[in-house]
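Following: one structure in structure tokens, then a few remarks.
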Amino acid sequence: MGTDFRIAHSLSPKDVESLLEIGSALIAERDLNALLSLILRKSRKILGADAGSLYLTDGKGATPSTQLILSLSQNDSNEVKINDIVLPIDDKSLAGYVGQTGETLQLDDVYEVPPGRPFTFHGRVDKKTGYRSKSLLSVPMKDHKGVLIGVIQLWNKKRNPKQRLSLENIHQEVIPFGEDDAFLLHSLASQAAIAVENAKLYQDITSLFEGFIRASVTAIESRDPTTSGHSERVAKLTVALAKAVDATEVGPFRGMTFSREEFVEIEYASLLHDFGKIGVKESILVKAKKLYPLELDTIRDRKDLIHRELEVVSLEEKVRHLAAGGKVGDNAWKEIEFELKRKLREIDRTFAVIETSNEPTHLLQSVTDELREFRKIVGRRPDGRPFHLIDQDQLERLSIPRGSLSEKERRQIEAHVTHTYEFLRRIPWTMELRKIPDIAHAHHEKLNGQGYPRSIGQPEIPIASQMMAVTDIYDALVARDRPYKRALTVQNALDILYAEAREGMLNPDVVDIFVQKKIHAITNP
């Protein structure tokens, strides 16, 4: 029978208090699965139902719902799990009928459906589980626009809520649901529908953020393929490190815990920590050597021009020698040829030194001095215009003592942290994720104040950033895909982390946990 809600109902103070408490609990819960469990558990408790089931529609957006999908079932007397039930929204099943008509359905015994009703209770689940369904109360869940989002079903209202039902006592212990029960469940369903709608919206927003972040990582790595996978690895390592810190019961991190939202915050900040590289010139991002590829080709062309010039000069000397009465092959002729070969060898050796200096390895001071002498080498183009074998800018970059970046280029790379922060702080993060810009901003800071971009010290560096500093350095050291350096062994990388901790750059307690808990093994090949 349906319930006419135009009839005035009076709620007891206890019922009103229960509804308010449930409403507050529903509003606070954002996890959809936890919310569904809460809805069904609270509904069963307030109405004394032994079992319950909750169906959600399959509709998405503007698409009309055509099916109800069992999302959750609970039963105090039978622990058999029920799943994979899908019902069409029509008048053939109990839940489908409620979904189609929007009516509240009360049955004293589902096996004795009143004549004239279109639906039938087949009891397939009862046969499968050995349970006996009897009294039923079912109401629709509708959103603020009146659109169906689900159906709640409560089964077997008990005289004694603590009594466990069996086939032997079912008829003595189970009583019908009343109109007041229907009114209460309808009120609960209204609150639940809003809560479910909000939870789905929150889930959609979370998915949107997740999709945006993954797309951002893809955008970063498309500009710098040599660091492909770095952001994902750093995120995995940092979250694992945070969990290890969270689980620590002794030492400096005793009592430090992270909430579920803070773990998500740490993961997102780690994934996006290098996003600012999108504002750095691609040629600098992927620069493997001190000179850019075309520059070395240009120097090689200059070397070849000097070769030709020397050959022309040598040929002119031979012509003058012959004009003065000299002979081909005499001593003066051989001296001219010897001098040409010497000069050609010297230019070739000079270019070989330049090629070697172009590698991002440690450069000796003696080589640097030699490069300065090369700057003095001048050749002439066919039109007579002079040129230097290497220009001043190339000399400065070839003289970089270690690595492939000049001081100017390094500053541009380091600026990616500021670019990251400026980008992230413009995103309207939720309250739970509001620290993401600050965490990412500080991942290159050092505890001794010698990091960048702000040169702040330990008290100002978030602990999440201190953890990310360790994982970021570790992954960069062992990475096998960097063209400007060779990969280090795991042990060498860990030794470097300890060395930087001793020098006051990294948090030694964080490094200890990273090593002792073998966090580094998560991403080891």
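Ordered as shown in the structure tokens, chains take letters A, B, and onward, while each chain numbers its residues from 1 and ligands are numbered from 1 in the order shown.
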Mind running range 345-432 of chain A against range 253-274 of chain A at 9 Å and telling me each contacting residue's nearest atom pair with the distance in Å (one decimal), counting only C-alpha atoms, chain and number ascending, as JSON lines?
{"residue": "A:His416", "atom": "CA", "partner": "A:Asp274", "partner_atom": "CA", "distance": 6.8}
{"residue": "A:Val417", "atom": "CA", "partner": "A:Asp274", "partner_atom": "CA", "distance": 6.9}
{"residue": "A:His419", "atom": "CA", "partner": "A:Asp274", "partner_atom": "CA", "distance": 9.0}
{"residue": "A:Thr420", "atom": "CA", "partner": "A:Asp274", "partner_atom": "CA", "distance": 6.6}
{"residue": "A:Tyr421", "atom": "CA", "partner": "A:His273", "partner_atom": "CA", "distance": 8.7}
{"residue": "A:Leu424", "atom": "CA", "partner": "A:Leu272", "partner_atom": "CA", "distance": 8.5}
{"residue": "A:Glu432", "atom": "CA", "partner": "A:Glu261", "partner_atom": "CA", "distance": 5.9}
So that I can check the surroundings of Arg44 in chain A, please list as a PyMOL selection string every protein, DNA and RNA residue that reaches within 12 Å of it, counting only C-alpha atoms and ignoring chain neighbours fewer than 2 positions away.
chain A and resi 22+37-42+46-54+73-76+136-138+152-158+161+177+181+184-185+188
Using only C-alpha atoms, find the one residue out of A:Leu371, A:Ile427, A:Leu237, A:Ala332 that sits nearest to Ile400 in chain A.
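Among A:Leu371, A:Ile427, A:Leu237, A:Ala332, it is A:Leu371 that comes nearest to Ile400 in chain A.
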Find the residues near Pro382 in chain A: any atom within 12 Å, counting only C-alpha atoms, skip ones fewer than 3 places away on the same chain, and give them as a compact mmCIF listing (two decimals) with N, CA, C and O atoms, in the first residue's frame.
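As a result, around_12.txt now contains:
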# COMPACT_ATOMS: atom_id res chain seq x y z
N ARG A 302 83.47 25.92 -39.38
CA ARG A 302 84.54 26.92 -39.27
C ARG A 302 85.90 26.26 -39.36
O ARG A 302 86.84 26.77 -40.00
N LEU A 305 86.65 25.51 -42.87
CA LEU A 305 87.03 26.73 -43.61
C LEU A 305 88.49 27.09 -43.34
O LEU A 305 89.23 27.50 -44.25
N ILE A 306 88.90 26.93 -42.07
CA ILE A 306 90.29 27.20 -41.72
C ILE A 306 91.21 26.21 -42.44
O ILE A 306 92.30 26.56 -42.91
N ARG A 308 90.71 24.86 -45.37
CA ARG A 308 90.81 25.29 -46.77
C ARG A 308 91.71 26.53 -46.88
O ARG A 308 92.49 26.66 -47.83
N GLU A 309 91.54 27.43 -45.92
CA GLU A 309 92.37 28.64 -45.94
C GLU A 309 93.84 28.28 -45.82
O GLU A 309 94.70 28.82 -46.55
N VAL A 312 95.01 26.85 -49.05
CA VAL A 312 95.19 27.90 -50.07
C VAL A 312 96.50 28.65 -49.83
O VAL A 312 97.28 28.92 -50.76
N GLY A 379 89.88 32.75 -38.56
CA GLY A 379 89.92 32.35 -39.95
C GLY A 379 89.27 33.41 -40.82
O GLY A 379 88.77 34.42 -40.32
N ARG A 385 86.04 38.19 -44.99
CA ARG A 385 85.62 38.58 -43.64
C ARG A 385 86.17 37.60 -42.61
O ARG A 385 86.10 36.39 -42.81
N PRO A 386 86.70 38.11 -41.48
CA PRO A 386 87.28 37.23 -40.47
C PRO A 386 86.20 36.59 -39.58
O PRO A 386 85.09 37.10 -39.47
N PHE A 387 86.56 35.46 -38.96
CA PHE A 387 85.67 34.82 -37.98
C PHE A 387 86.52 34.09 -36.94
O PHE A 387 87.65 33.69 -37.23
Give me, as a ChimeraX atom specification, all polymer residues having an atom no more than 10 Å from range 79-85 of chain A, counting only C-alpha atoms and skipping those fewer than 6 positions away in the same chain.
/A:53,55,68-73,125,128-131
Exercise: Thr66 in chain A partners within 9 Å, only C-alpha atoms, chain neighbours under 3 positions left out, as a PDB file with N, CA and C atoms, in the first residue's frame:
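Output saved as selection01.pdb:
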ATOM      1  N   THR A  57      20.556   4.421  -9.586  1.00  0.00           N
ATOM      2  CA  THR A  57      20.237   4.382 -11.012  1.00  0.00           C
ATOM      3  C   THR A  57      21.520   4.361 -11.830  1.00  0.00           C
ATOM      4  N   ASP A  58      21.379   3.992 -13.098  1.00  0.00           N
ATOM      5  CA  ASP A  58      22.526   3.946 -13.988  1.00  0.00           C
ATOM      6  C   ASP A  58      22.638   5.212 -14.822  1.00  0.00           C
ATOM      7  N   GLY A  59      21.826   6.216 -14.550  1.00  0.00           N
ATOM      8  CA  GLY A  59      21.822   7.431 -15.366  1.00  0.00           C
ATOM      9  C   GLY A  59      23.050   8.282 -15.153  1.00  0.00           C
ATOM     10  N   LEU A  87      18.143  -4.333 -12.060  1.00  0.00           N
ATOM     11  CA  LEU A  87      16.704  -4.402 -12.307  1.00  0.00           C
ATOM     12  C   LEU A  87      16.274  -3.286 -13.250  1.00  0.00           C
ATOM     13  N   PRO A  88      15.428  -3.596 -14.222  1.00  0.00           N
ATOM     14  CA  PRO A  88      14.876  -2.528 -15.048  1.00  0.00           C
ATOM     15  C   PRO A  88      13.911  -1.674 -14.223  1.00  0.00           C
ATOM     16  N   ILE A  89      13.863  -0.409 -14.547  1.00  0.00           N
ATOM     17  CA  ILE A  89      12.912   0.476 -13.856  1.00  0.00           C
ATOM     18  C   ILE A  89      11.550   0.304 -14.525  1.00  0.00           C
ATOM     19  N   ASP A  90      10.817  -0.701 -14.037  1.00  0.00           N
ATOM     20  CA  ASP A  90       9.467  -0.959 -14.537  1.00  0.00           C
ATOM     21  C   ASP A  90       8.644  -1.523 -13.382  1.00  0.00           C
TER      22      ASP A  90
END
List every residue of range 264-384 of chain A that DSSP, applied to the backbone of this structure, places in helix (DSSP H, G or I), and write the result as a PyMOL selection string.
chain A and resi 264-271+275-279+282-285+293-323+331-357+365-374
Apply DSSP to the backbone of this structure and, from range 74-243 of chain A, keep only the residues in strand (DSSP E or B); write these as a list of chain:residue names.
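DSSP-assigned strand (DSSP E or B) residues in range 74-243 of chain A: A:Gln74, A:Asn75, A:Val86, A:Leu87, A:Pro88, A:Leu105, A:Gln106, A:Leu107, A:Leu136, A:Leu137, A:Ser138, A:Val139, A:Pro140, A:Met141, A:Lys142, A:Leu148, A:Ile149, A:Gly150, A:Val151, A:Ile152, A:Gln153, A:Leu154, A:Trp155, A:Asn156, A:Lys157, A:Lys158, A:Val174, A:Ile175.
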For Asp472 in chain A, work out the shell of residues within 12 Å, counting only C-alpha atoms and skipping chain neighbours fewer than 2 positions away, then give it as a PyMOL selection string.
chain A and resi 227+229-238+241+270-271+273-274+440+442-445+464-470+474-479+493+497+506+520
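For Ala189 in chain A, the residues within 8 Å (counting only C-alpha atoms, excluding itself and residues fewer than 5 positions away along the chain) are Val139, Pro140, Met141, Lys142 and Ile152 of chain A.
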Those same residues, written as a PDB file, in the first residue's frame with C-alpha atoms?
ATOM      1  CA  VAL A 139      10.943   4.454  -0.853  1.00  0.00           C
ATOM      2  CA  PRO A 140      12.456   6.298  -3.812  1.00  0.00           C
ATOM      3  CA  MET A 141      15.458   8.600  -3.461  1.00  0.00           C
ATOM      4  CA  LYS A 142      15.084  11.735  -5.588  1.00  0.00           C
ATOM      5  CA  ILE A 152      15.964   2.209  -0.461  1.00  0.00           C
TER       6      ILE A 152
END
